[in-house]
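Participant: Dropping in work20.cif, with mmCIF, C-alpha atoms.
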data_run
loop_
_atom_site.label_atom_id
_atom_site.label_comp_id
_atom_site.auth_asym_id
_atom_site.auth_seq_id
_atom_site.Cartn_x
_atom_site.Cartn_y
_atom_site.Cartn_z
CA MET R 49 119.42 -99.20 63.13
CA PHE R 50 116.93 -98.05 60.49
CA SER R 51 114.00 -99.54 62.44
CA ILE R 52 114.13 -96.75 65.10
CA TYR R 53 112.99 -94.25 62.44
CA ILE R 54 109.98 -96.35 61.61
CA THR R 55 109.16 -96.89 65.28
CA ALA R 56 109.50 -93.15 65.98
CA PHE R 57 107.30 -92.32 63.01
CA ILE R 58 104.54 -94.73 64.00
CA VAL R 59 104.59 -94.07 67.76
CA GLY R 60 104.70 -90.27 67.34
CA GLY R 61 101.84 -90.54 64.87
CA LEU R 62 99.79 -92.68 67.24
CA ILE R 63 100.11 -90.09 70.02
CA CYS R 64 98.77 -87.51 67.55
CA VAL R 65 95.93 -89.88 66.65
CA ILE R 66 94.96 -89.94 70.36
CA GLY R 67 94.98 -86.12 70.36
CA GLN R 68 92.87 -86.00 67.19
CA LEU R 69 90.36 -88.45 68.72
CA LEU R 70 90.12 -86.36 71.90
CA PHE R 71 89.41 -83.42 69.61
CA ASP R 72 86.96 -84.89 67.12
CA VAL R 73 85.28 -87.75 68.98
CA ALA R 74 85.41 -86.64 72.62
CA LYS R 75 84.78 -83.03 71.42
CA LEU R 76 87.35 -81.58 73.81
CA THR R 77 88.72 -78.07 73.34
CA PRO R 78 92.35 -77.57 72.19
CA ALA R 79 93.27 -76.55 75.76
CA HIS R 80 91.72 -79.68 77.29
CA THR R 81 93.39 -81.92 74.70
CA LEU R 82 96.75 -80.32 75.39
CA CYS R 83 96.41 -80.66 79.18
CA ILE R 84 95.33 -84.30 79.01
CA LEU R 85 98.39 -85.23 76.93
CA VAL R 86 100.76 -83.31 79.20
CA VAL R 87 99.27 -84.87 82.34
CA ALA R 88 99.39 -88.34 80.74
CA GLY R 89 103.13 -87.94 80.04
CA SER R 90 103.68 -86.67 83.58
CA ILE R 91 101.86 -89.60 85.18
CA LEU R 92 103.66 -92.15 82.99
CA ASP R 93 107.02 -90.78 84.15
CA GLY R 94 105.82 -90.90 87.76
CA PHE R 95 105.54 -94.66 87.30
CA GLY R 96 108.93 -94.74 85.61
CA LEU R 97 107.43 -95.69 82.26
CA TYR R 98 108.30 -92.73 80.04
CA GLU R 99 112.08 -93.27 79.91
CA PRO R 100 111.74 -96.84 78.64
CA PHE R 101 109.17 -95.45 76.17
CA ILE R 102 111.78 -92.95 74.89
CA ASP R 103 114.35 -95.74 74.59
CA PHE R 104 111.86 -97.62 72.45
CA ALA R 105 110.45 -94.83 70.25
CA GLY R 106 113.11 -92.09 70.34
CA ALA R 107 111.86 -88.82 68.89
CA GLY R 108 108.44 -90.45 68.52
CA ALA R 109 108.18 -90.07 72.29
CA THR R 110 110.18 -86.86 72.83
CA ILE R 111 108.62 -84.61 70.18
CA PRO R 112 104.90 -84.85 71.15
CA ILE R 113 103.67 -82.68 74.03
CA THR R 114 103.46 -85.74 76.34
CA SER R 115 107.23 -85.38 76.61
CA PHE R 116 106.73 -81.98 78.28
CA GLY R 117 104.75 -83.67 81.07
CA ASN R 118 107.48 -86.25 81.36
CA SER R 119 110.12 -83.51 81.75
CA LEU R 120 108.09 -81.75 84.46
CA THR R 121 107.89 -84.89 86.59
CA HIS R 122 111.44 -85.88 85.75
CA GLY R 123 112.92 -82.60 86.94
CA ALA R 124 110.78 -82.54 90.08
CA LEU R 125 111.75 -86.09 91.07
CA ALA R 126 115.47 -85.55 90.39
CA GLU R 127 115.63 -82.38 92.50
CA ALA R 128 113.48 -83.97 95.22
CA GLU R 129 116.08 -86.71 95.58
CA LYS R 130 118.84 -84.11 96.07
CA HIS R 131 117.05 -81.42 98.13
CA GLY R 132 114.00 -83.11 99.57
CA ILE R 133 110.47 -81.77 99.21
CA ILE R 134 111.54 -78.24 98.23
CA GLY R 135 113.24 -79.78 95.21
CA VAL R 136 109.78 -80.59 93.77
CA LEU R 137 109.22 -76.84 93.45
CA THR R 138 112.65 -75.93 92.10
CA GLY R 139 112.99 -78.96 89.84
CA MET R 140 109.69 -78.71 88.03
CA PHE R 141 110.92 -76.17 85.50
CA GLU R 142 114.60 -77.13 85.55
CA VAL R 143 114.49 -79.53 82.63
CA THR R 144 111.64 -77.74 80.89
CA SER R 145 113.09 -74.23 81.16
CA SER R 146 114.96 -74.54 77.85
CA GLY R 147 111.73 -75.44 76.06
CA ILE R 148 109.72 -72.66 77.69
CA THR R 149 112.40 -70.05 77.13
CA SER R 150 112.82 -71.02 73.47
CA ALA R 151 109.05 -70.84 72.95
CA ILE R 152 109.00 -67.28 74.31
CA LEU R 153 112.16 -66.23 72.49
CA PHE R 154 111.27 -67.65 69.08
CA GLY R 155 107.68 -66.43 69.42
CA PHE R 156 109.05 -62.97 70.12
CA ILE R 157 111.37 -63.08 67.09
CA ALA R 158 108.62 -64.41 64.80
CA SER R 159 106.31 -61.59 65.88
CA PHE R 160 108.86 -59.11 64.54
CA LEU R 161 109.32 -60.85 61.23
CA PHE R 162 105.74 -61.76 60.29
CA ARG R 163 102.21 -60.41 60.43
CA SER R 164 99.32 -62.76 61.02
CA LYS R 165 96.96 -63.49 58.15
CA GLY R 166 93.49 -64.97 57.99
CA LYS R 167 94.08 -67.03 54.86
CA ALA R 168 91.82 -70.02 54.43
CA MET C 75 45.68 -54.79 67.95
CA VAL C 76 49.33 -55.23 68.73
CA THR C 77 51.02 -58.61 68.33
CA ARG C 78 54.10 -59.06 70.50
CA GLY C 79 57.25 -58.07 68.64
CA VAL C 80 55.53 -57.85 65.26
CA ILE C 81 55.76 -54.52 63.43
CA GLN C 82 53.68 -53.15 60.56
CA PHE C 83 55.23 -49.94 59.24
CA LYS C 84 52.55 -47.38 58.40
CA THR C 85 54.67 -45.31 56.02
CA ALA C 86 56.79 -48.11 54.49
CA PRO C 87 60.22 -46.41 54.73
CA SER C 88 62.56 -47.04 51.80
CA ILE C 89 66.11 -48.25 51.42
CA ALA C 90 67.34 -45.55 49.04
CA SER C 91 70.80 -47.01 48.60
CA THR C 92 73.29 -49.48 50.02
CA GLY C 93 77.05 -49.77 50.34
CA VAL C 94 79.04 -52.97 50.74
CA THR C 95 82.77 -53.28 51.43
CA ALA C 96 84.81 -56.48 51.80
CA GLY C 97 88.28 -57.90 52.38
CA PRO C 98 90.54 -59.58 49.78
CA LEU C 99 89.49 -63.15 50.62
CA GLU C 100 85.88 -62.16 49.93
CA ARG C 101 86.70 -61.96 46.21
CA LYS C 102 85.98 -65.71 46.35
CA SER C 103 82.36 -64.96 47.12
CA PRO C 104 79.91 -65.49 44.25
CA PHE C 105 78.45 -62.12 45.32
CA SER C 106 81.75 -60.23 45.08
CA GLU C 107 80.79 -58.71 41.72
CA SER C 108 78.10 -56.70 43.41
CA PHE C 109 80.23 -55.52 46.35
CA ASP C 110 81.03 -51.82 46.02
CA LYS C 111 84.59 -51.94 47.27
CA ILE C 112 87.09 -54.76 47.87
CA TYR C 113 90.36 -54.02 49.64
CA ASP C 114 93.62 -55.68 48.62
CA ASP C 115 94.69 -55.99 52.21
CA GLU C 116 92.75 -57.58 55.05
CA ARG C 117 93.43 -54.64 57.39
CA CYS C 118 91.97 -52.30 54.73
CA GLY C 119 95.17 -50.26 54.65
CA GLN C 120 95.07 -49.60 58.40
CA ASP C 121 97.68 -50.49 61.02
CA THR C 122 95.60 -52.92 63.08
CA ASN C 123 92.81 -55.39 62.37
CA GLU C 124 90.43 -53.37 64.55
CA HIS C 125 91.16 -50.12 62.71
CA GLY C 126 90.61 -51.98 59.44
CA HIS C 127 87.31 -53.17 60.89
CA ALA C 128 86.22 -49.56 61.57
CA LYS C 129 87.35 -48.55 58.06
CA LEU C 130 85.11 -51.22 56.48
CA MET C 131 82.01 -49.77 58.16
CA GLU C 132 83.06 -46.19 57.51
CA ASP C 133 83.56 -46.77 53.78
CA ALA C 134 80.35 -48.77 53.42
CA SER C 135 78.44 -45.90 55.08
CA MET C 136 80.14 -43.31 52.84
CA ILE C 137 79.32 -45.32 49.72
CA ALA C 138 75.64 -45.62 50.72
CA LEU C 139 75.56 -41.87 51.41
CA SER C 140 77.29 -40.94 48.14
CA LYS C 141 74.75 -42.96 46.14
CA VAL C 142 72.01 -40.63 47.41
CA ASN C 143 74.29 -37.60 46.88
CA ALA C 144 74.58 -37.05 50.61
CA ILE C 145 77.43 -36.39 52.99
CA PRO C 146 77.62 -37.47 56.66
CA GLU C 147 76.30 -34.04 57.75
CA ASP C 148 73.04 -34.82 55.93
CA ALA C 149 72.36 -38.01 57.89
CA ASP C 150 70.16 -37.89 60.98
CA PHE C 151 71.15 -41.19 62.55
CA LEU C 152 73.86 -43.82 62.37
CA LEU C 153 72.82 -47.24 63.68
CA THR C 154 75.56 -49.83 63.50
CA GLY C 155 77.08 -52.66 65.45
CA ASP C 156 79.80 -55.27 65.43
CA LEU C 157 81.20 -58.07 67.59
CA VAL C 158 84.34 -56.62 69.13
CA ASN C 159 84.42 -55.77 72.86
CA GLN C 160 82.26 -52.68 73.49
CA MET C 161 81.94 -52.34 69.69
CA THR C 162 84.94 -50.07 69.26
CA PRO C 163 85.04 -50.47 65.44
CA SER C 164 81.49 -49.06 65.20
CA ASN C 165 82.27 -46.40 67.80
CA PHE C 166 85.41 -45.31 65.95
CA CYS C 167 83.49 -45.26 62.66
CA ALA C 168 80.85 -43.06 64.34
CA THR C 169 83.59 -40.74 65.60
CA THR C 170 84.88 -40.23 62.08
CA LEU C 171 81.46 -39.78 60.47
CA GLY C 172 80.09 -37.51 63.20
CA ILE C 173 76.49 -38.66 62.69
CA PRO C 174 74.21 -38.96 65.80
CA TYR C 175 74.85 -42.58 66.67
CA ILE C 176 73.39 -45.49 68.57
CA GLY C 177 75.52 -48.63 68.71
CA LEU C 178 73.44 -51.78 68.49
CA PHE C 179 74.45 -55.22 69.61
CA SER C 180 72.45 -58.12 68.24
CA ALA C 181 75.56 -60.09 67.26
CA CYS C 182 75.23 -61.26 63.64
CA ALA C 183 71.55 -60.21 63.62
CA THR C 184 72.59 -56.53 63.76
CA SER C 185 72.13 -56.09 59.99
CA VAL C 186 68.39 -56.43 60.51
CA SER C 187 68.05 -54.95 64.02
CA SER C 188 69.76 -51.78 62.78
CA LEU C 189 67.55 -51.67 59.69
CA LEU C 190 64.43 -52.15 61.85
CA THR C 191 65.52 -49.39 64.24
CA ALA C 192 66.18 -47.04 61.30
CA ALA C 193 62.75 -47.87 59.89
CA ILE C 194 61.08 -47.22 63.26
CA LEU C 195 62.78 -43.79 63.53
CA THR C 196 61.78 -42.98 59.94
CA ASP C 197 58.23 -44.22 60.47
CA ALA C 198 57.97 -41.99 63.54
CA GLY C 199 58.90 -39.02 61.37
CA ILE C 200 62.10 -38.19 63.20
CA SER C 201 64.56 -39.35 60.56
CA GLU C 202 64.89 -38.26 56.94
CA LEU C 203 68.09 -40.17 56.33
CA ALA C 204 69.44 -42.90 58.59
CA ILE C 205 72.43 -45.16 57.96
CA ALA C 206 71.94 -48.72 59.24
CA GLY C 207 74.45 -51.50 59.01
CA SER C 208 76.88 -53.91 60.57
CA SER C 209 80.37 -55.23 59.96
CA SER C 210 82.92 -57.87 60.88
CA GLN C 211 86.63 -58.36 60.23
CA HIS C 212 87.89 -61.95 60.28
CA ASN C 213 91.09 -61.58 62.31
CA ALA C 214 89.56 -59.26 64.91
CA ILE C 215 86.49 -61.41 65.48
CA GLU C 216 88.28 -64.77 65.57
CA ARG C 217 90.51 -63.30 68.27
CA GLN C 218 87.47 -61.97 70.13
CA PHE C 219 85.37 -65.11 70.16
CA ARG C 220 87.41 -68.15 69.31
CA TYR C 221 91.18 -68.26 69.18
CA PRO C 222 93.71 -65.76 67.85
CA ILE C 223 94.42 -66.72 64.24
CA GLU C 224 98.13 -67.07 65.13
CA TYR C 225 97.17 -70.09 67.25
CA GLY C 226 96.07 -71.98 64.12
CA VAL C 227 93.46 -74.04 65.94
CA GLN C 228 91.75 -76.90 64.08
CA LYS C 229 88.07 -76.46 63.34
CA GLY C 230 85.35 -79.05 62.84
CA ASP C 231 82.94 -79.29 59.92
CA SER C 232 80.24 -77.35 61.77
CA ALA C 233 82.51 -74.33 62.32
CA GLN C 234 81.95 -71.20 60.29
CA TRP C 235 84.30 -68.60 58.86
CA THR C 236 83.92 -64.98 59.99
CA VAL C 237 83.77 -62.74 56.93
CA THR C 238 85.61 -59.47 56.45
CA ALA C 239 82.80 -57.29 55.18
CA ALA C 240 80.47 -54.44 56.02
CA GLY C 241 77.07 -53.47 54.71
CA ALA C 242 75.28 -50.16 55.12
CA ALA C 243 71.83 -49.06 54.01
CA ALA C 244 70.48 -45.54 53.67
CA VAL C 245 66.92 -45.52 55.05
CA THR C 246 64.63 -42.68 53.97
CA PRO C 247 60.90 -41.94 54.02
CA HIS C 248 58.97 -43.87 51.40
CA SER C 249 59.93 -43.26 47.81
CA GLU C 250 59.15 -45.08 44.59
CA GLY C 251 61.56 -47.22 42.60
CA VAL C 252 63.51 -48.61 45.55
CA PRO C 253 62.72 -51.45 47.99
CA SER C 254 60.61 -50.45 50.97
CA ILE C 255 60.38 -51.81 54.48
CA GLU C 256 56.84 -53.01 55.10
CA ARG C 257 57.02 -55.28 58.10
CA GLY C 258 59.32 -56.63 60.72
CA THR C 259 59.47 -59.01 63.66
CA ILE C 260 61.73 -58.57 66.66
CA GLY C 261 63.31 -61.81 67.81
CA LYS C 262 63.29 -63.27 71.30
CA ALA C 263 66.47 -64.54 72.91
CA ILE C 264 66.18 -68.31 72.75
CA ASP C 265 68.52 -70.74 74.49
CA MET C 266 68.24 -74.41 73.63
CA GLY C 267 71.17 -75.37 75.84
CA LEU C 268 73.95 -75.65 73.27
CA THR C 269 77.45 -74.72 74.42
CA ASP C 270 79.77 -75.21 71.42
CA PRO C 271 80.92 -71.86 69.95
CA LEU C 272 82.19 -73.78 66.93
CA ASN C 273 78.67 -74.90 66.13
CA MET C 274 76.66 -71.68 66.17
CA GLY C 275 74.35 -72.74 63.34
CA ALA C 276 72.64 -75.40 65.44
CA ALA C 277 72.25 -72.98 68.34
CA MET C 278 70.74 -70.24 66.14
CA ALA C 279 68.33 -72.32 64.03
CA PRO C 280 65.57 -72.51 66.71
CA ALA C 281 65.66 -68.71 67.09
CA ALA C 282 65.33 -68.30 63.30
CA ALA C 283 62.43 -70.73 63.29
CA ASP C 284 60.65 -68.94 66.13
CA THR C 285 60.94 -65.54 64.44
CA LEU C 286 59.87 -66.99 61.08
CA PHE C 287 56.76 -68.62 62.53
CA ARG C 288 55.83 -65.52 64.55
CA HIS C 289 56.33 -63.27 61.50
CA LEU C 290 54.13 -65.47 59.30
CA GLU C 291 51.44 -65.76 61.96
CA GLY C 292 51.54 -62.09 62.96
CA HIS C 293 51.15 -60.90 59.39
CA GLY C 294 48.93 -63.71 58.17
CA ALA C 295 51.48 -64.69 55.55
CA SER C 296 52.76 -68.04 54.30
CA VAL C 297 56.22 -68.95 53.01
CA GLU C 298 54.90 -69.13 49.42
CA ASP C 299 54.18 -65.38 49.57
CA TYR C 300 57.90 -64.62 49.40
CA ASP C 301 60.28 -64.81 46.48
CA VAL C 302 63.00 -65.65 48.94
CA ILE C 303 63.34 -66.14 52.69
CA MET C 304 66.96 -65.59 53.55
CA THR C 305 68.48 -66.31 56.93
CA GLY C 306 71.70 -64.65 58.04
CA ASP C 307 74.45 -67.07 58.88
CA LEU C 308 73.02 -70.41 59.92
CA GLY C 309 75.52 -72.23 57.71
CA LYS C 310 74.90 -75.73 56.35
CA THR C 311 74.28 -77.27 59.77
CA GLY C 312 71.82 -74.64 60.96
CA TYR C 313 70.09 -74.39 57.57
CA GLU C 314 69.23 -78.09 57.61
CA ILE C 315 67.92 -77.81 61.18
CA LEU C 316 65.73 -74.82 60.21
CA LYS C 317 64.24 -76.82 57.33
CA ARG C 318 63.49 -79.69 59.71
CA LEU C 319 61.86 -77.32 62.22
CA ALA C 320 59.78 -75.81 59.40
CA ASP C 321 58.76 -79.30 58.33
CA LEU C 322 57.61 -80.11 61.89
CA GLN C 323 55.50 -76.93 61.75
CA GLY C 324 53.81 -78.24 58.60
CA ILE C 325 55.83 -76.10 56.15
CA ARG C 326 56.71 -78.61 53.44
CA ASN C 327 57.81 -76.32 50.64
CA THR C 328 61.07 -74.68 51.68
CA ASP C 329 62.49 -74.24 48.16
CA ASN C 330 62.71 -70.48 48.57
CA PHE C 331 64.81 -70.74 51.77
CA ARG C 332 68.32 -69.42 51.39
CA ASP C 333 71.10 -68.71 53.86
CA ALA C 334 73.63 -65.92 53.36
CA GLY C 335 76.31 -67.72 55.39
CA MET C 336 75.96 -70.94 53.45
CA GLU C 337 76.21 -69.20 50.08
CA PHE C 338 78.80 -66.57 50.93
CA TYR C 339 81.90 -68.47 49.87
CA GLY C 340 80.23 -70.64 47.25
CA LYS C 341 81.08 -74.30 47.41
CA ASP C 342 84.59 -73.92 48.83
CA THR C 343 84.92 -76.53 51.60
CA LYS C 344 87.84 -74.66 53.18
CA PHE C 345 85.19 -72.54 54.84
CA PHE C 346 83.59 -75.46 56.72
CA ALA C 347 79.85 -74.92 57.28
CA GLY C 348 79.94 -71.49 55.64
CA ALA C 349 80.39 -67.87 56.59
CA SER C 350 79.38 -65.96 59.69
CA GLY C 351 79.91 -62.59 61.30
CA ALA C 352 77.89 -59.41 61.57
CA GLY C 353 79.10 -58.36 58.11
CA CYS C 354 77.97 -61.60 56.43
CA SER C 355 74.22 -61.04 56.25
CA ALA C 356 74.65 -57.26 55.82
CA ALA C 357 76.92 -57.74 52.78
CA VAL C 358 74.63 -60.27 51.08
CA TYR C 359 71.35 -58.48 51.90
CA PHE C 360 72.66 -55.10 50.75
CA SER C 361 74.22 -56.38 47.52
CA GLU C 362 72.71 -59.58 46.11
CA ILE C 363 69.20 -59.20 47.57
CA TYR C 364 68.98 -55.42 47.21
CA ASN C 365 70.15 -55.50 43.57
CA LYS C 366 67.74 -58.28 42.65
CA MET C 367 64.93 -56.22 44.18
CA LEU C 368 66.00 -53.15 42.22
CA SER C 369 65.80 -55.19 39.01
CA ARG C 370 62.44 -56.53 40.22
CA GLN C 371 63.67 -60.11 40.12
CA TYR C 372 62.51 -60.26 43.72
CA LYS C 373 59.39 -58.36 44.71
CA ARG C 374 58.84 -59.56 48.26
CA VAL C 375 61.58 -60.93 50.47
CA LEU C 376 61.91 -61.88 54.10
CA LEU C 377 65.32 -61.42 55.67
CA ILE C 378 65.92 -63.18 58.98
CA ALA C 379 69.33 -62.33 60.42
CA THR C 380 70.46 -64.65 63.19
CA GLY C 381 72.80 -63.90 66.06
CA ALA C 382 74.48 -65.86 68.85
CA LEU C 383 74.42 -63.76 72.01
CA LEU C 384 77.44 -65.18 73.79
CA SER C 385 80.58 -63.57 75.12
CA PRO C 386 83.99 -65.18 75.62
CA MET C 387 83.35 -64.83 79.37
CA SER C 388 79.95 -66.54 79.31
CA TYR C 389 81.42 -69.38 77.26
CA GLN C 390 84.39 -69.83 79.60
CA GLN C 391 82.04 -69.96 82.57
CA GLY C 392 80.24 -72.84 80.88
CA ASP C 393 77.08 -70.92 80.02
CA THR C 394 74.89 -72.05 77.17
CA ILE C 395 74.48 -69.84 74.07
CA PRO C 396 71.30 -67.75 73.81
CA CYS C 397 70.45 -66.81 70.24
CA THR C 398 68.18 -64.36 68.50
CA ALA C 399 66.83 -63.66 65.03
CA HIS C 400 65.27 -60.47 63.71
CA ALA C 401 63.13 -60.41 60.59
CA ILE C 402 62.46 -57.64 58.08
CA GLU C 403 60.19 -57.79 55.09
CA LEU C 404 61.10 -55.81 51.99
CA THR C 405 58.82 -55.17 49.05
CA MET C 406 59.43 -53.70 45.62
CA LYS C 407 56.45 -52.25 43.85
#
What does this structure look like when you write it as structure tokens?

Facilitator:
Amino acid sequence: MFSIYITAFIVGGLICVIGQLLFDVAKLTPAHTLCILVVAGSILDGFGLYEPFIDFAGAGATIPITSFGNSLTHGALAEAEKHGIIGVLTGMFEVTSSGITSAILFGFIASFLFRSKGKA
Amino acid sequence: MVTRGVIQFKTAPSIASTGVTAGPLERKSPFSESFDKIYDDERCGQDTNEHGHAKLMEDASMIALSKVNAIPEDADFLLTGDLVNQMTPSNFCATTLGIPYIGLFSACATSVSSLLTAAILTDAGISELAIAGSSSQHNAIERQFRYPIEYGVQKGDSAQWTVTAAGAAAVTPHSEGVPSIERGTIGKAIDMGLTDPLNMGAAMAPAAADTLFRHLEGHGASVEDYDVIMTGDLGKTGYEILKRLADLQGIRNTDNFRDAGMEFYGKDTKFFAGASGAGCSAAVYFSEIYNKMLSRQYKRVLLIATGALLSPMSYQQGDTIPCTAHAIELTMK
């Protein structure tokens, strides 16, 4: 029971290590790094690999941004099964809409409460 | 005979006074003691970062004017620049001061390009009092060129920290007891093919080297003739490259080389490779260097301000970063 925490901790950390390597060694920009991780998660789910990965690592697999790519593919595939090809378009943001909406909403609230600072 | 881009001023215009303003974080600078005004708030009491940016330049100009007992109505020209789109901070500052104004864009080399332009106008006998300077405000410039500070992007060791500071100099016809502008060299725009906006020092070093070599050759001088040769904001990375380039040119003794960006925040590693921004060189030149010349600790200095001539658009389109460096030689008799 306790081992899932350790697995989540290590796996989540390893995904971040990949991101840091893309950043520091491959010299990619933050935007490129972000896109590569999202696309990687999306492709993995396309092959049906991300769900077993979540079963194994729990939050270690759902918290990193790769999980967002997984959700995009997941929603698209689920809707496609129900409604055919048009479901790819409607399903893409079905699962992810909660995440996107919260990002906008909480960003909006934070902008009211705080002012940005250039502290080193 | 005229040597390309190399200027010998016939009347040796003087820098009668200077004014330097800075943000709260700049208290960490070893030079902060000699800044004229430090604000407690990074927006300088204004509502936006950009208005704070304009205020920095405005106050620096007013301080330089007040030290020569002048008001804006006494000044013939205002020559300033910054890094924000269309230079609105400088434009707004010019609106408030009401001095005939030319905005100058040489990126972080504007401290010297403005000083050179003021000296040229004074040398030509059409200016009795000109205010030259440049400024930068951290939050406004990071948003302009890199990422908005809210984004909290990670930076590498070669990245530099944009300073919140402005420097202004009051340029007058030659007078005794203050540093005078004897020579200058206008930089070329040099592009060595670098594309990383988080490693400006490496991109700018070849431009600094080119201007340095042309200045020395054009005026028949050697590096030993100067008490100090101070570049603008090469940072640690660029400073080392400049020394290597000098070495390749046969200049072995580079002990008098200094870099304003590298020294601006002292040894604090939070600032990566050092400081940058149009206000960086202006603040150091018009406080540290100017004061040491007034006390005759330095009698002949060469200031080489460096600038990266990119825009967010050129960077996004994958263009390389052209850079420039302008040099000005000050003497104190």

Participant: Could you work out which residues of chain C fall inside 9 Å of chain R? Count only C-alpha atoms, and format the result as a ChimeraX atom specification.

Facilitator: /C:99,116,212-213,223-224,227-228,230,235,344-345

Participant: Grab the CA of Glu314 (chain C) to CA of Glu256 (chain C) distance for me, in Å with one decimal place.

Facilitator: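 So the two atoms, CA of Glu314 (chain C) and CA of Glu256 (chain C), lie 28.1 Å apart.
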
Participant: Counting all atoms listed in the file, figure out which residue out of C:Pro146, C:Gly258, C:Gly353, C:Gly93 gets nearest to His400 (chain C).

Facilitator: C:Gly258

Participant: Selection in question (the file shown): the PyMOL selection byres ((chain R and resi 88) around 12). Which residues does it include, as an NGL selection string?

Facilitator: :R and (63 or 66-67 or 81-87 or 89-95 or 97-98 or 112-121)

Participant: Run the PyMOL selection byres ((chain C and resi 216) around 10) on the file and write out the hits as a VMD selection string.

Facilitator: (chain R and resid 166) or (chain C and resid 157 to 158 210 to 215 217 to 223 235 to 237 351)

Participant: Please report, as lines of an AutoDock Vina configuration file, the centre and edge lengths in Å to one decimal of an axis-aligned box covering all listed atoms of region 78-90 of chain R with 6 Å per side.

Facilitator:
center_x = 97.7
center_y = -82.4
center_z = 77.9
size_x = 24.0
size_y = 23.8
size_z = 23.4

Participant: Since the input lacks some atoms of region 134-138 of chain R, please model all heavy atoms and print them as a PDB file, in the coordinates of the input.

Facilitator:
ATOM      1  N   ILE R 134     111.432 -79.537  98.891  1.00  0.00           N
ATOM      2  CA  ILE R 134     111.540 -78.240  98.230  1.00  0.00           C
ATOM      3  C   ILE R 134     112.045 -78.398  96.792  1.00  0.00           C
ATOM      4  O   ILE R 134     111.761 -77.578  95.913  1.00  0.00           O
ATOM      5  CB  ILE R 134     112.441 -77.270  99.063  1.00  0.00           C
ATOM      6  CG1 ILE R 134     112.106 -75.796  98.741  1.00  0.00           C
ATOM      7  CG2 ILE R 134     113.917 -77.535  98.838  1.00  0.00           C
ATOM      8  CD1 ILE R 134     110.866 -75.299  99.407  1.00  0.00           C
ATOM      9  N   GLY R 135     112.721 -79.484  96.546  1.00  0.00           N
ATOM     10  CA  GLY R 135     113.240 -79.780  95.210  1.00  0.00           C
ATOM     11  C   GLY R 135     112.115 -79.985  94.202  1.00  0.00           C
ATOM     12  O   GLY R 135     112.305 -79.743  93.007  1.00  0.00           O
ATOM     13  N   VAL R 136     110.927 -80.415  94.667  1.00  0.00           N
ATOM     14  CA  VAL R 136     109.780 -80.590  93.770  1.00  0.00           C
ATOM     15  C   VAL R 136     109.441 -79.239  93.122  1.00  0.00           C
ATOM     16  O   VAL R 136     109.146 -79.153  91.931  1.00  0.00           O
ATOM     17  CB  VAL R 136     108.557 -81.140  94.542  1.00  0.00           C
ATOM     18  CG1 VAL R 136     107.328 -81.192  93.641  1.00  0.00           C
ATOM     19  CG2 VAL R 136     108.874 -82.522  95.099  1.00  0.00           C
ATOM     20  N   LEU R 137     109.548 -78.177  93.948  1.00  0.00           N
ATOM     21  CA  LEU R 137     109.220 -76.840  93.450  1.00  0.00           C
ATOM     22  C   LEU R 137     110.313 -76.300  92.527  1.00  0.00           C
ATOM     23  O   LEU R 137     110.029 -75.734  91.477  1.00  0.00           O
ATOM     24  CB  LEU R 137     109.022 -75.863  94.618  1.00  0.00           C
ATOM     25  CG  LEU R 137     107.918 -76.248  95.609  1.00  0.00           C
ATOM     26  CD1 LEU R 137     107.893 -75.258  96.763  1.00  0.00           C
ATOM     27  CD2 LEU R 137     106.559 -76.284  94.924  1.00  0.00           C
ATOM     28  N   THR R 138     111.561 -76.490  92.907  1.00  0.00           N
ATOM     29  CA  THR R 138     112.650 -75.930  92.100  1.00  0.00           C
ATOM     30  C   THR R 138     112.910 -76.769  90.869  1.00  0.00           C
ATOM     31  O   THR R 138     113.342 -76.247  89.846  1.00  0.00           O
ATOM     32  CB  THR R 138     113.956 -75.828  92.920  1.00  0.00           C
ATOM     33  OG1 THR R 138     114.297 -77.139  93.389  1.00  0.00           O
ATOM     34  CG2 THR R 138     113.820 -74.892  94.106  1.00  0.00           C
TER      35      THR R 138
END
